[in-house]
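Undergrad: For reference, this is data.pdb, and it has PDB, C-alpha atoms.
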ATOM      1  CA  MET Y 916     -46.312 -17.316  -5.340
ATOM      2  CA  THR Y 917     -42.714 -17.316  -4.318
ATOM      3  CA  THR Y 918     -41.181 -20.245  -2.523
ATOM      4  CA  PRO Y 919     -39.071 -19.629   0.568
ATOM      5  CA  ALA Y 920     -36.030 -20.953  -1.283
ATOM      6  CA  PHE Y 921     -36.545 -18.408  -4.010
ATOM      7  CA  ASN Y 922     -36.846 -15.661  -1.413
ATOM      8  CA  THR Y 923     -33.568 -16.561   0.219
ATOM      9  CA  THR Y 924     -31.860 -16.590  -3.177
ATOM     10  CA  ILE Y 925     -33.133 -13.087  -3.894
ATOM     11  CA  HIS Y 926     -32.057 -12.003  -0.456
ATOM     12  CA  HIS Y 927     -28.636 -13.529  -0.976
ATOM     13  CA  ILE Y 928     -28.162 -11.798  -4.328
ATOM     14  CA  GLN Y 929     -29.279  -8.433  -2.951
ATOM     15  CA  HIS Y 930     -26.994  -8.804  -0.009
ATOM     16  CA  HIS Y 931     -24.087  -9.734  -2.205
ATOM     17  CA  ASP Y 932     -24.845  -6.705  -4.359
ATOM     18  CA  ALA Y 933     -24.852  -4.378  -1.338
ATOM     19  CA  SER Y 934     -21.515  -5.663  -0.013
ATOM     20  CA  SER Y 935     -19.879  -5.478  -3.444
ATOM     21  CA  LYS Y 936     -21.075  -1.862  -3.683
ATOM     22  CA  VAL Y 937     -19.521  -1.098  -0.297
ATOM     23  CA  ILE Y 938     -16.242  -2.612  -1.435
ATOM     24  CA  PHE Y 939     -16.334  -0.749  -4.742
ATOM     25  CA  GLY Y 940     -17.029   2.508  -2.910
ATOM     26  CA  PHE Y 941     -14.082   1.875  -0.623
ATOM     27  CA  TRP Y 942     -11.929   1.058  -3.645
ATOM     28  CA  ILE Y 943     -12.825   4.457  -5.142
ATOM     29  CA  TYR Y 944     -11.794   6.116  -1.857
ATOM     30  CA  ILE Y 945      -8.430   4.302  -2.028
ATOM     31  CA  LEU Y 946      -7.896   5.515  -5.579
ATOM     32  CA  THR Y 947      -8.538   9.128  -4.528
ATOM     33  CA  ASP Y 948      -6.080   8.630  -1.672
ATOM     34  CA  CYS Y 949      -3.561   7.511  -4.314
ATOM     35  CA  ILE Y 950      -4.062  10.885  -6.014
ATOM     36  CA  LEU Y 951      -3.397  12.624  -2.684
ATOM     37  CA  PHE Y 952      -0.112  10.743  -2.361
ATOM     38  CA  ALA Y 953       0.728  11.446  -6.019
ATOM     39  CA  SER Y 954       0.471  15.185  -5.372
ATOM     40  CA  LEU Y 955       2.654  14.795  -2.267
ATOM     41  CA  PHE Y 956       5.238  12.936  -4.357
ATOM     42  CA  ALA Y 957       5.156  15.679  -7.008
ATOM     43  CA  THR Y 958       5.675  18.315  -4.280
ATOM     44  CA  TYR Y 959       8.501  16.259  -2.823
ATOM     45  CA  ILE Y 960      10.325  15.938  -6.156
ATOM     46  CA  VAL Y 961       9.959  19.676  -6.808
ATOM     47  CA  LEU Y 962      11.229  20.719  -3.354
ATOM     48  CA  TYR Y 963      13.780  18.088  -2.316
ATOM     49  CA  ASN Y 964      16.747  20.219  -3.386
ATOM     50  CA  ASN Y 965      15.585  23.292  -1.448
ATOM     51  CA  THR Y 966      17.413  22.508   1.782
ATOM     52  CA  TYR Y 967      18.098  26.164   2.747
ATOM     53  CA  GLY Y 968      21.451  25.262   4.279
ATOM     54  CA  GLY Y 969      19.857  22.497   6.361
ATOM     55  CA  PRO Y 970      20.391  18.757   5.977
ATOM     56  CA  GLY Y 971      19.678  17.079   2.646
ATOM     57  CA  ILE Y 972      17.955  13.787   2.025
ATOM     58  CA  ALA Y 973      21.186  11.794   2.480
ATOM     59  CA  GLN Y 974      21.638  13.191   6.000
ATOM     60  CA  VAL Y 975      18.108  12.448   7.209
ATOM     61  CA  THR Y 976      17.576   8.910   5.885
ATOM     62  CA  SER Y 977      19.519   5.688   6.049
ATOM     63  CA  LEU Y 978      19.101   3.181   3.252
ATOM     64  CA  PRO Y 979      19.390  -0.074   5.279
ATOM     65  CA  TYR Y 980      16.864   1.372   7.746
ATOM     66  CA  GLY Y 981      14.496   1.991   4.830
ATOM     67  CA  LEU Y 982      15.051  -1.528   3.519
ATOM     68  CA  ILE Y 983      14.108  -3.033   6.890
ATOM     69  CA  GLN Y 984      10.925  -0.942   6.929
ATOM     70  CA  THR Y 985      10.177  -2.105   3.378
ATOM     71  CA  LEU Y 986      10.615  -5.763   4.305
ATOM     72  CA  ILE Y 987       8.392  -5.326   7.387
ATOM     73  CA  ILE Y 988       5.644  -3.781   5.275
ATOM     74  CA  ILE Y 989       5.868  -6.477   2.576
ATOM     75  CA  PHE Y 990       5.832  -9.219   5.211
ATOM     76  CA  SER Y 991       2.827  -7.648   6.962
ATOM     77  CA  THR Y 992       0.951  -7.716   3.647
ATOM     78  CA  LEU Y 993       1.649 -11.441   3.450
ATOM     79  CA  THR Y 994       0.474 -12.058   7.024
ATOM     80  CA  PHE Y 995      -2.693 -10.058   6.370
ATOM     81  CA  GLY Y 996      -3.158 -12.147   3.237
ATOM     82  CA  PHE Y 997      -2.977 -15.335   5.338
ATOM     83  CA  GLY Y 998      -5.640 -13.893   7.636
ATOM     84  CA  PHE Y 999      -7.766 -12.929   4.656
ATOM     85  CA  ALA Y1000      -7.492 -16.431   3.193
ATOM     86  CA  ALA Y1001      -8.545 -17.876   6.577
ATOM     87  CA  ILE Y1002     -11.911 -16.130   6.122
ATOM     88  CA  TYR Y1003     -12.637 -18.555   3.288
ATOM     89  CA  ARG Y1004     -11.915 -21.424   5.655
ATOM     90  CA  GLY Y1005     -14.380 -19.866   8.090
ATOM     91  CA  ASN Y1006     -11.713 -20.099  10.775
ATOM     92  CA  ARG Y1007     -12.180 -17.141  13.090
ATOM     93  CA  ASN Y1008      -9.247 -17.947  15.379
ATOM     94  CA  GLN Y1009      -6.808 -18.012  12.488
ATOM     95  CA  VAL Y1010      -8.160 -14.698  11.201
ATOM     96  CA  MET Y1011      -7.605 -13.268  14.689
ATOM     97  CA  PHE Y1012      -4.094 -14.730  14.914
ATOM     98  CA  TRP Y1013      -2.951 -13.226  11.600
ATOM     99  CA  LEU Y1014      -4.574  -9.896  12.463
ATOM    100  CA  VAL Y1015      -2.514  -9.795  15.662
ATOM    101  CA  ILE Y1016       0.705 -10.601  13.749
ATOM    102  CA  THR Y1017      -0.082  -7.951  11.145
ATOM    103  CA  PHE Y1018      -0.832  -5.458  13.899
ATOM    104  CA  LEU Y1019       2.519  -6.113  15.578
ATOM    105  CA  LEU Y1020       4.401  -5.715  12.285
ATOM    106  CA  GLY Y1021       2.559  -2.458  11.586
ATOM    107  CA  LEU Y1022       3.387  -1.270  15.091
ATOM    108  CA  ALA Y1023       7.068  -2.123  14.567
ATOM    109  CA  PHE Y1024       7.042  -0.142  11.343
ATOM    110  CA  LEU Y1025       5.410   2.852  13.004
ATOM    111  CA  GLY Y1026       7.895   2.621  15.880
ATOM    112  CA  MET Y1027      10.797   2.773  13.419
ATOM    113  CA  GLU Y1028       9.303   5.816  11.751
ATOM    114  CA  GLN Y1029       8.702   7.520  15.081
ATOM    115  CA  GLN Y1030      12.321   6.761  16.047
ATOM    116  CA  GLN Y1031      13.517   8.400  12.851
ATOM    117  CA  PHE Y1032      11.399  11.519  13.439
ATOM    118  CA  ALA Y1033      12.461  11.747  17.087
ATOM    119  CA  HIS Y1034      16.110  11.490  16.037
ATOM    120  CA  LEU Y1035      15.697  14.330  13.514
ATOM    121  CA  LEU Y1036      13.839  16.555  15.968
ATOM    122  CA  HIS Y1037      16.450  15.832  18.615
ATOM    123  CA  GLN Y1038      19.124  17.112  16.238
ATOM    124  CA  GLY Y1039      17.076  20.296  15.891
ATOM    125  CA  TYR Y1040      15.814  19.567  12.385
ATOM    126  CA  SER Y1041      12.070  20.128  12.271
ATOM    127  CA  TRP Y1042       9.637  20.793   9.441
ATOM    128  CA  GLN Y1043      10.391  24.499   9.943
ATOM    129  CA  THR Y1044      14.037  24.129   8.901
ATOM    130  CA  SER Y1045      13.632  24.048   5.130
ATOM    131  CA  ALA Y1046      11.179  23.435   2.308
ATOM    132  CA  PHE Y1047      12.753  20.005   1.871
ATOM    133  CA  LEU Y1048      12.144  19.008   5.502
ATOM    134  CA  THR Y1049       8.579  20.367   5.348
ATOM    135  CA  VAL Y1050       7.735  18.094   2.448
ATOM    136  CA  PHE Y1051       9.754  15.199   3.919
ATOM    137  CA  PHE Y1052       7.841  15.334   7.207
ATOM    138  CA  SER Y1053       4.542  15.811   5.332
ATOM    139  CA  LEU Y1054       5.012  12.848   3.027
ATOM    140  CA  ILE Y1055       6.378  10.399   5.595
ATOM    141  CA  GLY Y1056       4.130  11.787   8.358
ATOM    142  CA  ILE Y1057       0.925  11.456   6.341
ATOM    143  CA  TYR Y1058       1.978   7.942   5.401
ATOM    144  CA  GLY Y1059       2.550   7.150   9.085
ATOM    145  CA  LEU Y1060      -0.880   8.603   9.870
ATOM    146  CA  HIS Y1061      -2.414   6.155   7.391
ATOM    147  CA  ILE Y1062      -0.605   3.281   9.099
ATOM    148  CA  LEU Y1063      -1.864   4.515  12.471
ATOM    149  CA  VAL Y1064      -5.446   4.599  11.187
ATOM    150  CA  ALA Y1065      -5.051   1.096   9.776
ATOM    151  CA  LEU Y1066      -3.738  -0.145  13.149
ATOM    152  CA  LEU Y1067      -6.719   1.375  15.002
ATOM    153  CA  TRP Y1068      -8.954  -0.250  12.408
ATOM    154  CA  ILE Y1069      -7.344  -3.650  13.058
ATOM    155  CA  ILE Y1070      -7.998  -3.209  16.808
ATOM    156  CA  ILE Y1071     -11.659  -2.350  16.149
ATOM    157  CA  LEU Y1072     -12.077  -5.369  13.866
ATOM    158  CA  MET Y1073     -10.463  -7.657  16.455
ATOM    159  CA  ILE Y1074     -12.898  -6.406  19.111
ATOM    160  CA  GLN Y1075     -15.821  -6.973  16.736
ATOM    161  CA  LEU Y1076     -14.516 -10.401  15.729
ATOM    162  CA  SER Y1077     -14.234 -11.465  19.352
ATOM    163  CA  SER Y1078     -17.953 -10.877  19.893
ATOM    164  CA  GLN Y1079     -19.346 -12.108  16.572
ATOM    165  CA  ASN Y1080     -18.748 -14.741  13.953
ATOM    166  CA  LEU Y1081     -17.447 -14.303  10.423
ATOM    167  CA  THR Y1082     -20.705 -12.825   9.179
ATOM    168  CA  SER Y1083     -20.955 -11.407   5.687
ATOM    169  CA  MET Y1084     -20.704  -7.922   7.192
ATOM    170  CA  MET Y1085     -17.439  -8.849   8.917
ATOM    171  CA  LYS Y1086     -16.178 -10.272   5.627
ATOM    172  CA  THR Y1087     -16.945  -6.975   3.895
ATOM    173  CA  ARG Y1088     -15.098  -5.036   6.598
ATOM    174  CA  LEU Y1089     -12.085  -7.346   6.434
ATOM    175  CA  THR Y1090     -12.041  -7.058   2.637
ATOM    176  CA  CYS Y1091     -11.976  -3.251   2.874
ATOM    177  CA  LEU Y1092      -9.154  -3.352   5.407
ATOM    178  CA  SER Y1093      -7.210  -5.788   3.237
ATOM    179  CA  LEU Y1094      -7.543  -3.400   0.268
ATOM    180  CA  PHE Y1095      -6.367  -0.544   2.503
ATOM    181  CA  TRP Y1096      -3.356  -2.497   3.760
ATOM    182  CA  ASN Y1097      -2.333  -3.480   0.213
ATOM    183  CA  PHE Y1098      -2.684   0.131  -0.848
ATOM    184  CA  LEU Y1099      -0.334   1.220   1.957
ATOM    185  CA  ASN Y1100       2.211  -1.352   0.786
ATOM    186  CA  ILE Y1101       2.050   0.020  -2.771
ATOM    187  CA  VAL Y1102       2.489   3.619  -1.590
ATOM    188  CA  TRP Y1103       5.504   2.551   0.471
ATOM    189  CA  VAL Y1104       7.137   1.038  -2.647
ATOM    190  CA  PHE Y1105       7.194   4.541  -4.117
ATOM    191  CA  ILE Y1106       8.374   6.189  -0.889
ATOM    192  CA  PHE Y1107      11.207   3.650  -0.706
ATOM    193  CA  THR Y1108      12.156   4.249  -4.353
ATOM    194  CA  ILE Y1109      11.804   8.031  -4.556
ATOM    195  CA  VAL Y1110      12.823   9.088  -1.037
ATOM    196  CA  TYR Y1111      15.222   6.385   0.143
ATOM    197  CA  LEU Y1112      16.834   4.854  -2.969
ATOM    198  CA  MET Y1113      16.983   7.980  -5.133
ATOM    199  CA  GLY Y1114      18.014  10.003  -2.068
ATOM    200  CA  ALA Y1115      20.952   7.666  -1.491
ATOM    201  CA  ILE Y1116      22.165   8.248  -5.051
ATOM    202  CA  GLN Y1117      22.625  11.960  -4.250
ATOM    203  CA  HIS Y1118      24.923  10.919  -1.477
ATOM    204  CA  VAL Y1119      27.314   9.019  -3.765
TER     205      VAL Y1119
ATOM    206  CA  MET D 837     -27.965 -28.556   2.015
ATOM    207  CA  SER D 838     -26.126 -29.789  -1.067
ATOM    208  CA  ASN D 839     -26.055 -26.204  -2.237
ATOM    209  CA  GLN D 840     -24.295 -25.196   0.956
ATOM    210  CA  THR D 841     -21.532 -27.795   0.612
ATOM    211  CA  LEU D 842     -21.022 -26.619  -2.960
ATOM    212  CA  ILE D 843     -20.321 -23.085  -1.710
ATOM    213  CA  ALA D 844     -18.032 -24.406   1.020
ATOM    214  CA  ASP D 845     -16.018 -26.385  -1.559
ATOM    215  CA  ALA D 846     -15.685 -23.365  -3.811
ATOM    216  CA  GLU D 847     -14.517 -21.210  -0.918
ATOM    217  CA  LEU D 848     -12.028 -23.852   0.199
ATOM    218  CA  GLY D 849     -10.459 -23.705  -3.262
ATOM    219  CA  THR D 850     -10.389 -19.901  -3.072
ATOM    220  CA  ASP D 851      -8.444 -20.050   0.155
ATOM    221  CA  ARG D 852      -5.662 -22.198  -1.319
ATOM    222  CA  LYS D 853      -5.551 -20.124  -4.497
ATOM    223  CA  LEU D 854      -5.230 -16.920  -2.440
ATOM    224  CA  ILE D 855      -2.393 -18.245  -0.296
ATOM    225  CA  LYS D 856      -0.476 -19.423  -3.365
ATOM    226  CA  SER D 857      -0.915 -16.048  -5.023
ATOM    227  CA  TYR D 858       0.165 -14.168  -1.860
ATOM    228  CA  LEU D 859       3.276 -16.307  -1.462
ATOM    229  CA  ILE D 860       4.356 -15.726  -5.075
ATOM    230  CA  GLY D 861       3.703 -12.005  -4.639
ATOM    231  CA  PHE D 862       5.643 -11.918  -1.390
ATOM    232  CA  PHE D 863       8.761 -13.577  -2.818
ATOM    233  CA  LEU D 864       8.751 -11.437  -5.964
ATOM    234  CA  SER D 865       8.295  -8.282  -3.849
ATOM    235  CA  VAL D 866      11.172  -9.141  -1.540
ATOM    236  CA  ILE D 867      13.451  -9.985  -4.494
ATOM    237  CA  LEU D 868      12.600  -6.710  -6.231
ATOM    238  CA  ALA D 869      13.102  -4.627  -3.062
ATOM    239  CA  VAL D 870      16.444  -6.247  -2.213
ATOM    240  CA  ALA D 871      17.630  -6.029  -5.851
ATOM    241  CA  ALA D 872      16.770  -2.308  -5.996
ATOM    242  CA  PHE D 873      18.624  -1.830  -2.703
ATOM    243  CA  ALA D 874      21.639  -3.780  -3.987
ATOM    244  CA  ILE D 875      22.109  -1.829  -7.222
ATOM    245  CA  VAL D 876      22.207   1.411  -5.227
ATOM    246  CA  GLU D 877      24.384   0.123  -2.394
ATOM    247  CA  GLN D 878      26.873  -1.775  -4.571
ATOM    248  CA  HIS D 879      27.133   1.054  -7.163
ATOM    249  CA  ILE D 880      26.393  -1.401  -9.969
ATOM    250  CA  LEU D 881      24.928   1.334 -12.151
ATOM    251  CA  THR D 882      25.601   5.063 -12.239
ATOM    252  CA  GLY D 883      24.007   8.218 -13.571
ATOM    253  CA  GLU D 884      20.773   8.184 -15.493
ATOM    254  CA  SER D 885      20.678   4.439 -16.061
ATOM    255  CA  LEU D 886      20.449   3.995 -12.276
ATOM    256  CA  TYR D 887      17.337   6.199 -12.136
ATOM    257  CA  PHE D 888      15.750   4.292 -14.987
ATOM    258  CA  ALA D 889      16.579   0.958 -13.330
ATOM    259  CA  LEU D 890      15.014   2.111 -10.030
ATOM    260  CA  ALA D 891      11.903   3.352 -11.832
ATOM    261  CA  ALA D 892      11.659  -0.005 -13.602
ATOM    262  CA  PHE D 893      11.990  -1.869 -10.285
ATOM    263  CA  ALA D 894       9.269   0.309  -8.712
ATOM    264  CA  LEU D 895       6.912  -0.293 -11.631
ATOM    265  CA  ALA D 896       7.625  -4.043 -11.558
ATOM    266  CA  GLN D 897       6.905  -3.979  -7.809
ATOM    267  CA  LEU D 898       3.625  -2.119  -8.451
ATOM    268  CA  PHE D 899       2.697  -4.740 -11.050
ATOM    269  CA  VAL D 900       3.469  -7.615  -8.654
ATOM    270  CA  GLN D 901       1.420  -6.002  -5.871
ATOM    271  CA  VAL D 902      -1.562  -5.350  -8.134
ATOM    272  CA  VAL D 903      -1.581  -8.805  -9.706
ATOM    273  CA  PHE D 904      -0.728 -11.040  -6.722
ATOM    274  CA  PHE D 905      -2.036  -9.095  -3.728
ATOM    275  CA  LEU D 906      -4.856  -6.878  -4.983
ATOM    276  CA  ARG D 907      -5.613  -9.512  -7.643
ATOM    277  CA  LEU D 908      -7.096  -7.042 -10.107
ATOM    278  CA  ASN D 909      -8.481  -8.798 -13.171
ATOM    279  CA  ALA D 910     -11.236  -8.539 -15.727
ATOM    280  CA  ASN D 911     -13.025 -11.826 -15.073
ATOM    281  CA  THR D 912     -16.378 -10.553 -13.838
ATOM    282  CA  GLU D 913     -18.327  -7.355 -14.380
ATOM    283  CA  ASP D 914     -17.410  -6.086 -10.880
ATOM    284  CA  ASP D 915     -13.720  -6.822 -11.449
ATOM    285  CA  LYS D 916     -13.828  -4.910 -14.721
ATOM    286  CA  TRP D 917     -15.079  -1.788 -12.956
ATOM    287  CA  ASN D 918     -12.343  -2.090 -10.351
ATOM    288  CA  LEU D 919      -9.745  -2.376 -13.095
ATOM    289  CA  ILE D 920     -11.137   0.496 -15.198
ATOM    290  CA  SER D 921     -11.270   2.854 -12.211
ATOM    291  CA  PHE D 922      -7.713   1.832 -11.315
ATOM    292  CA  LEU D 923      -6.427   2.557 -14.841
ATOM    293  CA  PHE D 924      -8.262   5.892 -14.855
ATOM    294  CA  THR D 925      -6.576   6.821 -11.557
ATOM    295  CA  ILE D 926      -3.185   6.004 -13.050
ATOM    296  CA  LEU D 927      -3.973   8.397 -15.909
ATOM    297  CA  ILE D 928      -4.910  11.157 -13.418
ATOM    298  CA  ILE D 929      -1.729  10.500 -11.408
ATOM    299  CA  MET D 930       0.409  10.733 -14.574
ATOM    300  CA  ILE D 931      -1.220  14.073 -15.447
ATOM    301  CA  VAL D 932      -0.814  15.443 -11.903
ATOM    302  CA  VAL D 933       2.793  14.347 -11.444
ATOM    303  CA  THR D 934       4.276  14.961 -14.900
ATOM    304  CA  GLY D 935       2.234  18.165 -15.264
ATOM    305  CA  SER D 936       3.469  19.540 -11.929
ATOM    306  CA  LEU D 937       7.077  18.640 -12.626
ATOM    307  CA  TRP D 938       6.968  20.024 -16.153
ATOM    308  CA  ILE D 939       5.556  23.371 -14.989
ATOM    309  CA  MET D 940       7.803  23.706 -11.950
ATOM    310  CA  TYR D 941      11.018  22.909 -13.828
ATOM    311  CA  ASN D 942      10.096  25.362 -16.554
ATOM    312  CA  LEU D 943       9.394  28.049 -13.964
ATOM    313  CA  ASN D 944      12.733  27.289 -12.372
ATOM    314  CA  TYR D 945      14.427  27.551 -15.764
ATOM    315  CA  PHE D 946      12.831  30.928 -16.546
ATOM    316  CA  MET D 947      13.770  32.293 -13.139
ATOM    317  CA  MET D 948      17.412  31.431 -13.737
ATOM    318  CA  HIS D 949      17.643  32.804 -17.270
TER     319      HIS D 949
END
Kindly transcribe the structure held in the file into structure tokens.
TA:
Amino acid sequence: MTTPAFNTTIHHIQHHDASSKVIFGFWIYILTDCILFASLFATYIVLYNNTYGGPGIAQVTSLPYGLIQTLIIIFSTLTFGFGFAAIYRGNRNQVMFWLVITFLLGLAFLGMEQQQFAHLLHQGYSWQTSAFLTVFFSLIGIYGLHILVALLWIIILMIQLSSQNLTSMMKTRLTCLSLFWNFLNIVWVFIFTIVYLMGAIQHV
Amino acid sequence: MSNQTLIADAELGTDRKLIKSYLIGFFLSVILAVAAFAIVEQHILTGESLYFALAAFALAQLFVQVVFFLRLNANTEDDKWNLISFLFTILIIMIVVTGSLWIMYNLNYFMMH
């Protein structure tokens, strides 16, 4: 004979187990995505000198511009963190508020990147110009694509949050998104260091 | 009922702990990013030492992000698996990146000589 209380405990444990498996699975996906970016970085370092008479890294990037993007990304991680902490308060409105702020920061970042690409293309420098520009557009473009996906994901979660409470399923989804957003911040640290900072040294 | 309040209390503590950790991580990250920017912009270091300094700043930044934002640790069994898979990925990344660079620079060298 099992008591109802016992049954709910079992149910709770099983549920917890399922959500922790989902999060672990998503974590493994993030780690494989890290390997994708690692191979892009390796390609970038191998090819960044092959400019084929076109512009080099110092001509296509500006260091203060990169610093502003870095600060936006770091700040957005903090705002997402505030939203994530609000889950533990069970405060849905605060979660929503911080998601909106994070979304706007991510959008600002993406806008800056788009501006940079548009400027380069306007000058007639596309990914067809040289091996360096191919790998530059690939690395930064694929990063921007990740940000875009994360922004769409935030919109979807906001729509879901507006129609339901902070259920354990919503918590799992928000946890996965928070891991994804942190991962994007970490990848950007390396883009900032290898592309922007080390590229500026060439210039000196 | 009492069980439920117990959970609520525990989660309330979690929320404050998280915010504290995120704030520390945020300030350290900003300091590291601005410092890395400053040593390049102000020409404080030159040559190889500058590259090593930048690499050190990036690794410090990675460490801050992992500890204060991702909050990887080895407290529970689940956390241990997260940490082990993370360390394994770092190993794979080292092999992919250093291996690629090693091979490509050698190929470059042999083409020139």
Undergrad: Just checking: using all atoms listed in the file, which residue out of D:Leu881, D:Val866, D:Ala889, D:Leu943 ends up closest to chain Y?
TA: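 Selected residue with least distance to chain Y: D:Val866.
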Undergrad: Based on only C-alpha atoms, which of the residues in chain D come within 9 Å of chain Y? I want them as a VMD selection string.
TA: chain D and resid 844 847 to 855 858 to 859 861 to 862 865 to 866 869 to 870 872 to 873 876 to 877 879 882 to 883 886 to 887 890 to 891 893 to 895 897 to 898 901 to 902 905 to 906 914 917 to 918 921 to 922 925 to 926 928 to 930 932 to 934 936 to 937 940 to 941
Undergrad: When you look at range 1037-1045 of chain Y with a cut-off of 6 Å (counting only C-alpha atoms), what residues show up, excluding the ones that are within fewer than 4 positions of it in the same chain? I need them as a PyMOL selection string.
TA: chain Y and resi 966-967+1033+1049
Undergrad: Mind giving me the straight-line distance from CA of Ser857 in chain D to CA of Leu1019 in chain Y in Å, one decimal?
TA: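 According to the coordinates, CA of Ser857 in chain D and CA of Leu1019 in chain Y are separated by 23.1 Å.
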Undergrad: With a distance cut-off of 7 Å and only C-alpha atoms, select the neighbouring residues of range 1072-1089 of chain Y, excluding the residue or stretch itself and same-chain residues fewer than 2 positions from it, and output the selection as a list in words.
TA: Ser934, Ile938, Gly1005, Arg1007, Met1011, Trp1068, Ile1069, Ile1070, Cys1091, Leu1092 and Ser1093 of chain Y
Undergrad: For the selection you just gave me, I'd like the residues written to a file as a compact mmCIF listing (two decimals), in the coordinates of the input, keeping C-alpha atoms.
TA:
# COMPACT_ATOMS: atom_id res chain seq x y z
CA SER Y 934 -21.52 -5.66 -0.01
CA ILE Y 938 -16.24 -2.61 -1.44
CA GLY Y 1005 -14.38 -19.87 8.09
CA ARG Y 1007 -12.18 -17.14 13.09
CA MET Y 1011 -7.60 -13.27 14.69
CA TRP Y 1068 -8.95 -0.25 12.41
CA ILE Y 1069 -7.34 -3.65 13.06
CA ILE Y 1070 -8.00 -3.21 16.81
CA CYS Y 1091 -11.98 -3.25 2.87
CA LEU Y 1092 -9.15 -3.35 5.41
CA SER Y 1093 -7.21 -5.79 3.24
Undergrad: What is the CA of Phe1018 in chain Y to CA of Ala896 in chain D distance in Å?
TA: 26.9 Å
Undergrad: Have a look at CA of Thr1090 in chain Y and CA of Thr912 in chain D and let me know their distance in Å, one decimal.
TA: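 CA of Thr912 in chain D lies 17.4 Å from CA of Thr1090 in chain Y.
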Undergrad: Considering only C-alpha atoms, state which residue in the set Y:Leu1014, Y:Leu1035, Y:Glu1028, Y:Leu1048 is at the smallest distance from Leu1060 in chain Y.
TA: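 Checking each of Y:Leu1014, Y:Leu1035, Y:Glu1028, Y:Leu1048 against Leu1060 in chain Y, counting only C-alpha atoms, the winner is Y:Glu1028.
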Undergrad: Let me know the centre plus edge lengths, in Å and rounded to one decimal, of a box with edges along x, y and z that contains all listed atoms of range 1062-1072 of chain Y and is padded by 8 Å on every side, as JSON.
TA:
{"center_x": -6.3, "center_y": -0.4, "center_z": 13.0, "size_x": 27.5, "size_y": 26.0, "size_z": 23.7}
Undergrad: Please provide as a list in words all residues within 10 Å of Ile920 in chain D, with the sequence filter that same-chain residues fewer than 6 positions apart are discarded (counting only C-alpha atoms).
TA: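 So, after excluding close chain neighbours, the residues are Leu908, Asn909, Ala910 and Ile926 of chain D.
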Undergrad: Return the single residue from Y:Phe1047, Y:Leu1063, Y:Val1110, Y:Leu1099 that is closest to Leu1022 in chain Y, with distances computed using all atoms listed in the file.
TA: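 The closest residue to Leu1022 in chain Y is Y:Leu1063.
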Undergrad: Considering only C-alpha atoms, state which residue in the set Y:Met1027, Y:Gly1021, Y:His1061, Y:Phe941 is at the smallest distance from Tyr980 in chain Y.
TA: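 Using only C-alpha atoms, Tyr980 in chain Y sits closest to Y:Met1027.
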Undergrad: When distances are computed from only C-alpha atoms, which of Y:Gln1031, Y:Asn965, Y:Asn1006, Y:Gln984 shows the smallest separation from Phe1052 in chain Y?
TA: Y:Gln1031
Undergrad: For Phe863 in chain D, which residue among D:Ser885, D:Ile875, D:Val900, D:Gly935 is the nearest when counting all atoms listed in the file?
TA: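 Ranked by minimum distance to Phe863 in chain D, first place goes to D:Val900.
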